[in-house]
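Peer 1: My structure is below; once you've seen it, I'll send some questions.
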Amino acid sequence: MCKSDSYVLDESFNPEEFVADIKKAKAAVGEATEEDAQHLHRLVLISQVLLYGGHLFLLLGAAMPWMAALLLCGLGACMIAFARCMKWAIIGHHISHGGYDSLQKNHPNALPAHYKRGVFAVGIRRFFDWLDWMLPQAWDVEHNKAHHYYLSEEKDPDLVEHNFEMLRKFPLPKSMKYVSMLLWVFTWKLIYYSPNTYKELMLSKKEGWLARNWPSWSKKTDPVVIFDVFRMPGEALIRGKVMDAFFWLVFFAQWSTAIFPMLISVLLPAAWPLLLGRAGLWFGATTAGQAAIRALITSLVADMLSNAHAFVIIACNHSGGDLYRYSTSCKAYSAEFLLRCTYSSANFECGNDLIDIVYGWLNYQIEHHMYPDMTPLQYRKFQPLVKSICKKHGVMYVQQNALKRTWMMFQVAVGDAQMKRCTALVPPKAYGKSEIETSTVAGG
């Protein structure tokens with residue numbers, strides 16, 4: 001493990017040549033074309049068929065005898081879960097990063113106008129484009145800005161080792177800590193990611209009431225989770241801070257309005273049998289009430305499966321005992337920045353539509369962090385070039401199965417492993433004079 005005041009690469013490393021090679025590789029990939037637009041159309045169609053087909057199977061399963069109900073409801077839950085993950089990880093993720101913005105400009109008729117960053121899933125479009133527990137604008141601030149530009153620093157809101165610090169220190173047997181991780185696997189979007197992204201959105205609004213009145217005793221880099229709805233007001237009262245207790249009540253009240261549409265979406269399937277029964281149109285072998293319970297359970301299972309799928313392909317991308325975290329920040333797209341994308345990210349298997357869709361195109365994590373505004377097909381072309389460049393320069397490039405990476409993430413979360421630490425990757429003496437002045441900048 002490197003010490004906190006050390007560097008990973010030696011002085012012989014040539015950062016200027018590494019940056020030049022990466023830029024040449026990106027140029028070789030070229031601009032997004034109408035092929036990328038057609039590919040996105042297919043992905044959207046697949047997600048829609050899965051989503052609406054899944055709800056149809058859910059309703060039919062709720063009406064069928066027991067054995068048929070298990071089969072149909074199970075199939076429906078899996079389809080809904082997969083569609084929901086696709087809408088976030090593949091479609092919403094790449095559009096909200098601006099991956100199709102240049103395509104909209106160069107081929108204005110290739111895609112609908114709302115497939116653009118800042119428009120997709122914003123406002124009323126949230127109900128049609130991408131409805132999930134996270135408010136899209138909040139996710140944009142937390143992920144597109146804070147996470148990408150402070151990767152594996154304390155300012156990174158997705159730094160697993162920091163976010164699970166309390167669990168790491170808590171006096172529980174390791175076996176119980178590992179079991180507790182299952183709670184996060186199946187519910188993490190609601191209990192962690194949604195309130196934490198909302199926190200980042202509120203802090204980004206410097207003139208807003210929440211940003212101006214953030215309690216001084218609460219670190220802004222600490223995660224906010226759903227359990228804090230009780231803990232934070234209670235801690236404020238213990239400290240004698242009545243207004244701070246009021247602050248947290250306001251925060252969670254506002255956050256609840258952000259998750260309300262998704263809550264209704266999860267509960268709504270139970271309403272259809274009841275409405276059909278009230279109208280005298282219920283067609284099932286069960287009563288409308290029994291069907292409503294089945295539909296609700298299936299919808300809840302679908303949400304848990306969606307959480308688990310997203311957790312495996314997202315939560316472990318930047319965590320593991322083989323990856324690094326840093327005590328300094330760096331300038332975007334400098335050599336240090338591009339190198340941190342490889343030393344603090346892990347790819348999974350990749351290369352064809354079947355694998356890539358299952359992984360939500362998050363299996364190109366290294367390349368995505370280098371240039372977030374590319375399309376899925378561009379990442380597929382870019383990945384082998386980057387891997388080859390890393391091999392040429394002796395740069396670490398991690399590519400492993402997602403389940404293995406999830407286990408490594410668990411080890412960090414419970415305290416059985418810790419990430420490697422260093423000041424930065426490239427020592428100052430490795431840079432030319434002009435590069436020294438622009439590459440590593442404390443505070444970002």
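Here, A, B, ... name the chains of the structure tokens in the order displayed, residue numbers run from 1 inside each chain, and ligands are numbered from 1 in the same displayed order.
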Could you give me, as a list in words, the residues within 10 Å of Leu267 of chain A, counting only C-alpha atoms and dropping anything in the same chain fewer than 4 positions from it?
Peer 2: Met262, Leu263, Ala271, Ala292, Ala295, Leu296, Ile297, Ser299 and Leu300 of chain A
Peer 1: Near Ser47 of chain A, within 8 Å and counting only C-alpha atoms, which residues show up once chain neighbours fewer than 3 positions away are dropped, as a list in words?
Peer 2: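 Those residues are Leu43, Val44, Leu50, Leu51, Phe82, Ala83, Arg84, Met86 and Lys87 of chain A.
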Peer 1: From the set A:Asp244, A:Ala25, A:Lys199, A:Asn401, which residue has the shortest atom-to-atom contact distance to Lys387 of chain A, counting only C-alpha atoms?
Peer 2: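 Among the listed residues, the smallest separation from Lys387 of chain A belongs to A:Ala25.
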Peer 1: Apply DSSP to the backbone of this structure and, from segment 123-330 of chain A, keep only the residues in alpha helix (DSSP H); write these as a PyMOL selection string.
Peer 2: chain A and resi 126-129+136-139+148-149+160-163+165-169+174-188+194-204+209-212+228-238+242-267+271-278+288-314
Peer 1: Just how far from atom CA of Ala346 of chain A is atom CA of Ile91 of chain A, in Å to one decimal?
Peer 2: 20.8 Å
